[in-house]
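Some notes on the structure that comes next.
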Amino acid sequence: LRLVAARAALARLGLTTDLFAPPGWLASPGTVVALRRHRFAVCADMAGVRDLRSGEVRTGRVRMVGEHWGYLLSTGRAARRGGLVRIGVDAAGLDRIGLREVLLEAVDVALHHGASPTTYSSTASPRGSTTTSTPSGAVPTRTR
């Protein structure tokens with residue numbers, strides 16, 4: 001019922017999606033079944049990105065941005081190893097310069113180590129390359 005209500009709310013705003021990101025850490029098996037029944041294509045939780053049509057899972061934990069530079073080491077390490085790099089940030093904190101700066105540096109580090117920006121829908125089907133997922137699919141750029 002929550003999925004139906006959420007889609008109805010989006011439709012009233014003129015928006016649609018076939019991507020679901022659970023509010024908790026992981027999507028339960030029941031949630032995955034419900035998502036498939038309601039024709040969602042992708043479920044992105046803290047452990048990876050699941051293609052709900054094929055069942056393929058691209059593992060890769062979300063690295064939540066904090067205002068510490070040690071965070072950048074794990075982002076760079078994952079990108080160097082060819083893993084899925086998913087960068088998460090609490091949007092409410094983006095008004096803080098330090099958090100914004102670390103977020104931009106994390107994107108730069110991932111790109112430097114060969115990551116390619118992509119959307120969740122294209123990430124669900126592994127292409128054999130390191131990817132950095134951005135919800136809009138836009139290539140992150142720095143402005144100074």
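Every chain in the structure tokens has a letter given in the order shown (A, B, ...), and although residue numbers restart at 1 in each chain, ligands are simply numbered from 1 in the order shown.
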- request: Would you please give, as number ranges by chain, all residues of segment 19-112 of chain A that DSSP assigns to strand (DSSP E or B) based on the backbone?
  value: A: 19-20, 42-45, 48-51, 57-59, 62-64, 85-88
- prompt: Any idea what's packed within 9 Å of Arg61 of chain A, counting only C-alpha atoms, ignoring anything in its chain fewer than 5 positions away? Could you give it as a list in words?
  reply: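 Final neighbour list, sorted by chain and number: Asp45, Met46, Ala47, Gly48, Leu84, Val85, Arg86 and Ile87 of chain A.
Shell of segment 35-37 of chain A at 10 Å, with only C-alpha atoms counted and residues fewer than 6 places along the chain excluded, is Leu3, Asp18, Leu19, Phe20, Ala27, Pro29, Cys43, Asp51, Leu52 and Arg53 of chain A.
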Would you put the residues from that selection into a file with N, CA, C and O atoms, as an mmCIF file, in the first residue's frame?
```cif
data_model
loop_
_atom_site.group_PDB
_atom_site.id
_atom_site.type_symbol
_atom_site.label_atom_id
_atom_site.label_comp_id
_atom_site.auth_asym_id
_atom_site.auth_seq_id
_atom_site.Cartn_x
_atom_site.Cartn_y
_atom_site.Cartn_z
ATOM 1 N N LEU A 3 3.785 1.604 -1.376
ATOM 2 C CA LEU A 3 4.323 1.806 -2.724
ATOM 3 C C LEU A 3 3.283 2.445 -3.635
ATOM 4 O O LEU A 3 3.591 3.355 -4.405
ATOM 5 N N ASP A 18 10.883 4.108 -11.406
ATOM 6 C CA ASP A 18 10.849 2.664 -11.252
ATOM 7 C C ASP A 18 12.007 2.218 -10.360
ATOM 8 O O ASP A 18 12.382 1.076 -10.316
ATOM 9 N N LEU A 19 12.575 3.172 -9.617
ATOM 10 C CA LEU A 19 13.667 2.943 -8.684
ATOM 11 C C LEU A 19 13.141 3.078 -7.265
ATOM 12 O O LEU A 19 12.355 3.982 -6.966
ATOM 13 N N PHE A 20 13.596 2.190 -6.380
ATOM 14 C CA PHE A 20 13.219 2.273 -4.973
ATOM 15 C C PHE A 20 14.472 2.189 -4.127
ATOM 16 O O PHE A 20 15.328 1.324 -4.339
ATOM 17 N N ALA A 27 16.713 -3.678 1.948
ATOM 18 C CA ALA A 27 15.356 -4.029 1.540
ATOM 19 C C ALA A 27 15.100 -5.464 1.978
ATOM 20 O O ALA A 27 15.903 -6.357 1.696
ATOM 21 N N PRO A 29 13.283 -9.208 2.038
ATOM 22 C CA PRO A 29 12.803 -10.068 0.949
ATOM 23 C C PRO A 29 11.345 -9.754 0.566
ATOM 24 O O PRO A 29 11.001 -9.778 -0.614
ATOM 25 N N CYS A 43 16.127 -1.721 -7.206
ATOM 26 C CA CYS A 43 16.115 -1.467 -5.763
ATOM 27 C C CYS A 43 17.553 -1.201 -5.347
ATOM 28 O O CYS A 43 18.428 -2.057 -5.511
ATOM 29 N N ASP A 51 18.779 -5.389 -9.877
ATOM 30 C CA ASP A 51 17.912 -5.320 -11.050
ATOM 31 C C ASP A 51 16.749 -6.260 -10.761
ATOM 32 O O ASP A 51 16.924 -7.480 -10.717
ATOM 33 N N LEU A 52 15.568 -5.712 -10.532
ATOM 34 C CA LEU A 52 14.422 -6.513 -10.118
ATOM 35 C C LEU A 52 13.849 -7.357 -11.244
ATOM 36 O O LEU A 52 13.102 -8.297 -11.000
ATOM 37 N N ARG A 53 14.210 -7.055 -12.470
ATOM 38 C CA ARG A 53 13.708 -7.846 -13.601
ATOM 39 C C ARG A 53 14.574 -9.080 -13.839
ATOM 40 O O ARG A 53 14.068 -10.164 -14.050
#
```
query: Looking at only C-alpha atoms, which of A:Ala92, A:Ala78, A:Leu13, A:Leu99 is the one that sits closest to Ala115 of chain A?
result: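 Of A:Ala92, A:Ala78, A:Leu13, A:Leu99, the one nearest Ala115 of chain A, counting only C-alpha atoms, is A:Ala78.
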Nearest to His113 of chain A by atom-to-atom distance, counting only C-alpha atoms, from A:Arg77, A:Arg12, A:Arg7, A:Arg63: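 For His113 of chain A, the nearest of the candidates is A:Arg77.
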- prompt: Running DSSP on the backbone, which parts of segment 31-94 of chain A land in alpha helix (DSSP H), as an NGL selection string?
  reply: :A and (31-37 or 71-80)
Those residues with N, CA and C atoms, as a PDB file, in the first residue's frame please?
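Output file again-v2.pdb is given in full below:
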```
ATOM      1  N   THR A  31       9.885  -6.839   0.772  1.00  0.00           N
ATOM      2  CA  THR A  31       9.902  -5.583   0.014  1.00  0.00           C
ATOM      3  C   THR A  31      10.278  -5.850  -1.437  1.00  0.00           C
ATOM      4  N   VAL A  32      11.258  -6.709  -1.655  1.00  0.00           N
ATOM      5  CA  VAL A  32      11.690  -7.025  -3.021  1.00  0.00           C
ATOM      6  C   VAL A  32      10.541  -7.665  -3.796  1.00  0.00           C
ATOM      7  N   VAL A  33       9.796  -8.573  -3.160  1.00  0.00           N
ATOM      8  CA  VAL A  33       8.641  -9.207  -3.815  1.00  0.00           C
ATOM      9  C   VAL A  33       7.600  -8.147  -4.166  1.00  0.00           C
ATOM     10  N   ALA A  34       7.300  -7.251  -3.221  1.00  0.00           N
ATOM     11  CA  ALA A  34       6.306  -6.196  -3.468  1.00  0.00           C
ATOM     12  C   ALA A  34       6.755  -5.264  -4.587  1.00  0.00           C
ATOM     13  N   LEU A  35       8.035  -4.936  -4.630  1.00  0.00           N
ATOM     14  CA  LEU A  35       8.554  -4.065  -5.686  1.00  0.00           C
ATOM     15  C   LEU A  35       8.376  -4.708  -7.053  1.00  0.00           C
ATOM     16  N   ARG A  36       8.664  -6.004  -7.128  1.00  0.00           N
ATOM     17  CA  ARG A  36       8.478  -6.709  -8.411  1.00  0.00           C
ATOM     18  C   ARG A  36       7.009  -6.719  -8.815  1.00  0.00           C
ATOM     19  N   ARG A  37       6.131  -6.957  -7.861  1.00  0.00           N
ATOM     20  CA  ARG A  37       4.685  -6.982  -8.164  1.00  0.00           C
ATOM     21  C   ARG A  37       4.197  -5.640  -8.681  1.00  0.00           C
ATOM     22  N   TYR A  71      37.325   9.448   4.774  1.00  0.00           N
ATOM     23  CA  TYR A  71      36.269   8.888   3.940  1.00  0.00           C
ATOM     24  C   TYR A  71      36.730   8.727   2.494  1.00  0.00           C
ATOM     25  N   LEU A  72      37.564   9.641   2.041  1.00  0.00           N
ATOM     26  CA  LEU A  72      38.032   9.626   0.656  1.00  0.00           C
ATOM     27  C   LEU A  72      38.887   8.405   0.344  1.00  0.00           C
ATOM     28  N   LEU A  73      39.582   7.877   1.349  1.00  0.00           N
ATOM     29  CA  LEU A  73      40.428   6.713   1.123  1.00  0.00           C
ATOM     30  C   LEU A  73      39.608   5.507   0.689  1.00  0.00           C
ATOM     31  N   SER A  74      38.466   5.260   1.339  1.00  0.00           N
ATOM     32  CA  SER A  74      37.656   4.096   0.967  1.00  0.00           C
ATOM     33  C   SER A  74      37.015   4.292  -0.404  1.00  0.00           C
ATOM     34  N   THR A  75      36.671   5.511  -0.740  1.00  0.00           N
ATOM     35  CA  THR A  75      36.114   5.794  -2.068  1.00  0.00           C
ATOM     36  C   THR A  75      37.152   5.506  -3.147  1.00  0.00           C
ATOM     37  N   GLY A  76      38.375   5.999  -2.956  1.00  0.00           N
ATOM     38  CA  GLY A  76      39.446   5.770  -3.907  1.00  0.00           C
ATOM     39  C   GLY A  76      39.802   4.296  -4.018  1.00  0.00           C
ATOM     40  N   ARG A  77      39.836   3.605  -2.891  1.00  0.00           N
ATOM     41  CA  ARG A  77      40.171   2.180  -2.884  1.00  0.00           C
ATOM     42  C   ARG A  77      39.138   1.376  -3.678  1.00  0.00           C
ATOM     43  N   ALA A  78      37.854   1.642  -3.469  1.00  0.00           N
ATOM     44  CA  ALA A  78      36.794   0.922  -4.192  1.00  0.00           C
ATOM     45  C   ALA A  78      36.887   1.190  -5.697  1.00  0.00           C
ATOM     46  N   ALA A  79      37.144   2.431  -6.076  1.00  0.00           N
ATOM     47  CA  ALA A  79      37.246   2.771  -7.498  1.00  0.00           C
ATOM     48  C   ALA A  79      38.460   2.103  -8.136  1.00  0.00           C
ATOM     49  N   ARG A  80      39.598   2.105  -7.427  1.00  0.00           N
ATOM     50  CA  ARG A  80      40.810   1.464  -7.963  1.00  0.00           C
ATOM     51  C   ARG A  80      40.603  -0.024  -8.182  1.00  0.00           C
TER      52      ARG A  80
END
```
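Going from atom CA of Val89 of chain A over to atom CA of Val107 of chain A, you cover 11.8 Å.
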